[in-house]
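Asker: Compact mmCIF, C-alpha atoms, saved as entry.txt, coming up:
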```txt
# COMPACT_ATOMS: atom_id res chain seq x y z
CA MET A 167 0.00 0.00 0.00
CA LYS A 168 2.85 2.33 0.91
CA LYS A 169 4.51 1.48 -2.39
CA ILE A 170 1.36 2.39 -4.31
CA ARG A 171 1.07 5.68 -2.43
CA SER A 172 4.72 6.45 -3.12
CA VAL A 173 4.28 5.78 -6.82
CA ALA A 174 1.14 7.92 -6.89
CA PHE A 175 2.91 10.74 -5.04
CA ILE A 176 5.90 10.61 -7.37
CA THR A 177 3.61 10.54 -10.39
CA LEU A 178 1.69 13.54 -9.07
CA MET A 179 4.90 15.46 -8.39
CA MET A 180 6.24 14.67 -11.86
CA ALA A 181 2.97 15.79 -13.44
CA THR A 182 3.03 19.00 -11.42
CA VAL A 183 6.61 19.75 -12.39
CA PHE A 184 5.87 18.92 -16.03
CA ASN A 185 2.81 21.14 -16.08
CA PHE A 186 4.71 24.00 -14.46
CA SER A 187 7.74 23.75 -16.71
CA GLY A 188 5.60 23.10 -19.77
CA CYS A 189 3.44 26.16 -19.18
CA PHE A 190 6.55 28.19 -18.47
CA LEU A 191 8.00 27.25 -21.86
CA ILE A 192 4.68 27.90 -23.59
CA GLU A 193 4.30 31.33 -22.01
CA ASN A 194 7.85 32.20 -22.99
CA LYS A 195 6.91 31.40 -26.59
CA ILE A 196 3.76 33.53 -26.33
CA ILE A 197 5.81 36.44 -24.95
CA GLU A 198 8.27 36.08 -27.83
CA LEU A 199 5.49 36.15 -30.43
CA ASP A 200 3.77 39.04 -28.64
CA GLN A 201 6.97 41.07 -28.73
CA ASN A 202 7.31 40.37 -32.44
CA VAL A 203 3.84 41.83 -32.95
CA GLU A 204 4.63 44.88 -30.81
CA GLU A 205 7.83 45.53 -32.75
CA ALA A 206 5.96 45.29 -36.05
CA GLN A 207 3.20 47.55 -34.71
CA SER A 208 5.78 50.11 -33.57
CA ASN A 209 7.38 50.14 -37.02
CA ILE A 210 4.01 50.87 -38.66
CA ALA A 211 3.24 53.62 -36.14
CA THR A 212 6.58 55.27 -36.89
CA GLN A 213 5.85 55.34 -40.62
CA TYR A 214 2.38 56.79 -40.03
CA ASP A 215 3.89 59.50 -37.81
CA ASN A 216 6.48 60.33 -40.48
CA LYS A 217 3.69 60.69 -43.01
CA LEU A 218 1.55 62.91 -40.77
CA ARG A 219 4.49 65.24 -40.08
CA ARG A 220 4.80 66.00 -43.80
CA ILE A 221 1.18 66.93 -44.34
CA PRO A 222 1.19 70.43 -42.75
CA GLU A 223 4.22 71.33 -44.87
CA LEU A 224 2.50 69.93 -47.95
CA LEU A 225 -0.61 72.00 -47.36
CA SER A 226 1.37 75.15 -46.68
CA THR A 227 2.78 74.95 -50.22
CA VAL A 228 -0.70 75.37 -51.74
CA LYS A 229 -2.36 77.72 -49.25
CA ALA A 230 -1.28 80.70 -51.32
CA SER A 231 -3.38 79.56 -54.26
CA LYS A 232 -6.33 81.76 -53.18
CA ASN A 233 -8.68 79.33 -54.86
CA ALA A 234 -11.96 78.47 -53.15
CA GLU A 235 -11.85 74.79 -54.12
CA ILE A 236 -8.25 74.40 -52.98
CA GLU A 237 -8.95 76.20 -49.71
CA ALA A 238 -11.94 73.93 -49.02
CA MET A 239 -9.82 70.87 -49.75
CA ILE A 240 -7.04 72.09 -47.47
CA GLY A 241 -9.51 72.49 -44.62
CA THR A 242 -10.85 68.98 -45.20
CA ILE A 243 -7.38 67.41 -45.29
CA GLU A 244 -6.31 69.29 -42.17
CA ALA A 245 -9.37 67.98 -40.32
CA ARG A 246 -8.75 64.44 -41.53
CA ALA A 247 -5.06 64.60 -40.59
CA GLN A 248 -6.02 65.80 -37.12
CA ALA A 249 -8.56 63.00 -36.75
CA ALA A 250 -6.04 60.41 -37.96
CA GLY A 251 -3.44 61.70 -35.53
CA GLN A 252 -5.79 61.34 -32.56
CA ILE A 253 -6.09 57.56 -32.96
CA LYS A 254 -2.79 56.04 -31.91
CA LEU A 255 -1.67 52.69 -33.20
CA ASP A 256 -0.67 51.11 -29.90
CA ALA A 257 -1.04 47.83 -28.04
CA ASN A 258 -4.63 48.66 -27.06
CA THR A 259 -5.64 49.47 -30.63
CA ILE A 260 -4.27 46.28 -32.17
CA SER A 261 -6.20 44.22 -29.60
CA ASN A 262 -9.47 46.06 -30.22
CA PRO A 263 -11.23 45.35 -33.56
CA GLU A 264 -13.46 48.43 -33.32
CA GLN A 265 -10.56 50.77 -32.53
CA MET A 266 -8.46 49.26 -35.30
CA GLU A 267 -11.31 49.78 -37.75
CA LYS A 268 -11.57 53.44 -36.71
CA PHE A 269 -7.83 53.86 -37.16
CA GLN A 270 -7.88 52.41 -40.66
CA GLU A 271 -10.96 54.40 -41.65
CA ALA A 272 -9.33 57.65 -40.51
CA GLN A 273 -6.18 56.85 -42.49
CA ALA A 274 -8.19 55.87 -45.57
CA GLU A 275 -10.14 59.15 -45.46
CA LEU A 276 -6.89 61.08 -45.16
CA ASN A 277 -5.44 59.23 -48.15
CA ALA A 278 -8.59 59.97 -50.15
CA GLY A 279 -8.22 63.68 -49.41
CA LEU A 280 -4.57 63.64 -50.45
CA GLY A 281 -5.54 61.78 -53.62
CA ARG A 282 -8.02 64.51 -54.53
CA LEU A 283 -5.40 67.18 -53.93
CA LEU A 284 -2.96 65.35 -56.18
CA ALA A 285 -5.64 65.02 -58.86
CA VAL A 286 -6.22 68.77 -58.82
CA SER A 287 -2.49 69.45 -59.16
CA GLU A 288 -2.42 67.25 -62.27
CA GLN A 289 -5.72 68.30 -63.85
CA TYR A 290 -5.34 72.03 -63.29
CA PRO A 291 -1.71 72.99 -64.00
CA ASP A 292 -2.74 76.66 -64.06
CA PHE A 293 -2.72 76.52 -60.26
CA LYS A 294 1.08 76.35 -60.61
CA PHE A 295 1.74 74.09 -57.65
CA PRO A 296 5.34 74.60 -56.53
CA ASP A 297 8.03 71.97 -57.00
CA GLN A 298 8.08 71.50 -53.24
CA PHE A 299 4.53 70.16 -53.45
CA THR A 300 5.63 67.46 -55.87
CA ASN A 301 8.62 66.57 -53.70
CA LEU A 302 6.46 66.27 -50.59
CA MET A 303 3.87 64.14 -52.37
CA THR A 304 6.72 61.87 -53.46
CA GLU A 305 7.85 61.61 -49.83
CA ILE A 306 4.30 60.77 -48.74
CA GLU A 307 4.11 58.14 -51.48
CA GLY A 308 7.34 56.67 -50.13
CA ALA A 309 5.90 56.67 -46.62
CA ASN A 310 2.80 54.83 -47.87
CA ASN A 311 4.98 52.23 -49.56
CA ARG A 312 6.91 51.69 -46.33
CA ILE A 313 3.61 51.45 -44.44
CA THR A 314 2.45 48.71 -46.81
CA VAL A 315 5.67 46.75 -46.28
CA ALA A 316 5.41 47.22 -42.51
CA GLN A 317 1.76 46.12 -42.54
CA THR A 318 2.67 42.93 -44.40
CA ARG A 319 5.29 42.10 -41.77
CA TYR A 320 2.88 42.99 -38.99
CA ASN A 321 0.14 40.74 -40.41
CA LYS A 322 2.61 37.87 -40.60
CA ALA A 323 3.59 38.37 -36.95
CA VAL A 324 -0.07 38.61 -35.90
CA LYS A 325 -0.97 35.45 -37.79
CA GLU A 326 1.78 33.52 -36.01
CA PHE A 327 0.73 34.94 -32.62
CA ASN A 328 -2.99 34.29 -33.06
CA THR A 329 -2.42 30.79 -34.42
CA TYR A 330 -0.26 29.88 -31.44
CA ILE A 331 -2.57 31.20 -28.70
CA LEU A 332 -5.66 29.63 -30.30
CA SER A 333 -4.19 26.18 -30.80
CA PHE A 334 -2.75 23.53 -28.51
CA PRO A 335 -0.62 23.88 -26.42
CA GLY A 336 -0.53 27.69 -26.60
CA LYS A 337 -4.16 28.12 -25.58
CA LEU A 338 -3.42 26.44 -22.25
CA CYS A 339 -1.45 29.49 -21.06
CA ALA A 340 -2.81 32.33 -23.22
CA LYS A 341 -5.70 33.62 -21.11
CA ASP A 342 -3.89 36.92 -20.45
CA TYR A 343 -3.03 37.45 -24.11
CA PRO A 344 -5.90 38.66 -26.32
CA LYS A 345 -5.98 38.12 -30.07
CA LYS A 346 -4.40 40.81 -32.22
CA VAL A 347 -6.20 42.48 -35.13
CA MET A 348 -4.72 42.26 -38.60
CA PHE A 349 -4.58 45.14 -41.06
CA GLN A 350 -6.96 45.11 -44.01
CA MET A 351 -4.62 45.74 -46.93
CA ASP A 352 -6.88 48.06 -48.90
CA ASN A 353 -5.38 51.49 -48.27
CA VAL A 354 -5.99 54.17 -50.88
CA ASP A 355 -2.96 54.95 -53.01
CA VAL A 356 -2.62 58.73 -52.95
CA THR A 357 -0.56 58.63 -56.14
CA LYS A 358 -3.53 57.44 -58.18
CA PRO A 359 -5.64 60.42 -59.30
CA VAL A 360 -9.35 60.11 -58.73
CA GLY A 361 -11.82 60.94 -61.46
CA ALA A 362 -13.18 64.43 -61.90
CA MET A 363 -16.59 63.25 -60.71
CA GLU A 364 -15.03 62.39 -57.36
CA LEU A 365 -13.70 65.86 -56.73
CA ASP A 366 -16.49 66.91 -54.42
CA PHE A 367 -14.10 68.38 -51.79
CA ASN A 368 -16.36 67.21 -48.95
```
Go through the file and emit its structure as structure tokens.

Answerer:
Amino acid sequence: MKKIRSVAFITLMMATVFNFSGCFLIENKIIELDQNVEEAQSNIATQYDNKLRRIPELLSTVKASKNAEIEAMIGTIEARAQAAGQIKLDANTISNPEQMEKFQEAQAELNAGLGRLLAVSEQYPDFKFPDQFTNLMTEIEGANNRITVAQTRYNKAVKEFNTYILSFPGKLCAKDYPKKVMFQMDNVDVTKPVGAMELDFN
């Protein structure tokens, strides 16, 4: 009887140690994947910030146009840039589907406004947009390209994280780690002019 109890005790202790060490290793893996997501998220946020910093300078190059349509568009883009800047891409946002959707919608609306401004510069050369405008639009295009690359890397990191915490054995130790939200890769390309019918400046 004592031998049976000893075997049962040893078995229980081994199971306890295995469970503890196993969960420890699993959580370490979750932390590693979570940090990969945070790094990717930080890289995207940096590129968005770089883009937003160029917009006031871009708009200042066309404010002297004294054209009612341009002035209305500038006001719209300024408002959209401000709205986009108020939604930070941080750890809370990427774990909240509704907040992530708001972030992407704000960025898409800003891109649409910039696209309309670019269309005007190409369709109405009489406005004589300065060379600096073209240079800044090129920089914003470059920022958008870097954002796309960063989003692709972020989505890959999120897919690995979500797959791990939702499957065995990761789900055994993932209760404190919520799913991350992936980016919808459908951002407006500001370098593609919109049609004249779309130039409503609203």

Asker: A:Glu244, A:Glu193, A:Glu205, A:Glu237: which is nearest Arg319 of chain A, counting all atoms listed in the file?

Answerer: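 So, comparing all the options, the nearest one is A:Glu205.
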
Asker: Counting all atoms listed in the file, figure out which residue out of A:Phe295, A:Ile210, A:Leu284, A:Ala274 gets nearest to Lys232 of chain A.

Answerer: A:Phe295

Asker: Looking at all atoms listed in the file, which of A:Leu224, A:Ala316, A:Val203, A:Leu276 is the one that sits closest to Ala257 of chain A?

Answerer: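 Going through A:Leu224, A:Ala316, A:Val203, A:Leu276 one by one, the smallest distance to Ala257 of chain A is for A:Val203.
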
Asker: Quick one: of A:Glu223, A:Asp297, A:Glu275, A:Glu267, who's nearest to Arg246 of chain A, counting only C-alpha atoms?

Answerer: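 That would be A:Glu275, the residue with the smallest distance to Arg246 of chain A.
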
Asker: Give me the residues near segment 326-341 of chain A as a PyMOL selection string, where near means some atom within 12 Å (using only C-alpha atoms) and where sequence neighbours in that chain fewer than 3 positions away do not count.

Answerer: chain A and resi 185-204+261+319-323+344-348
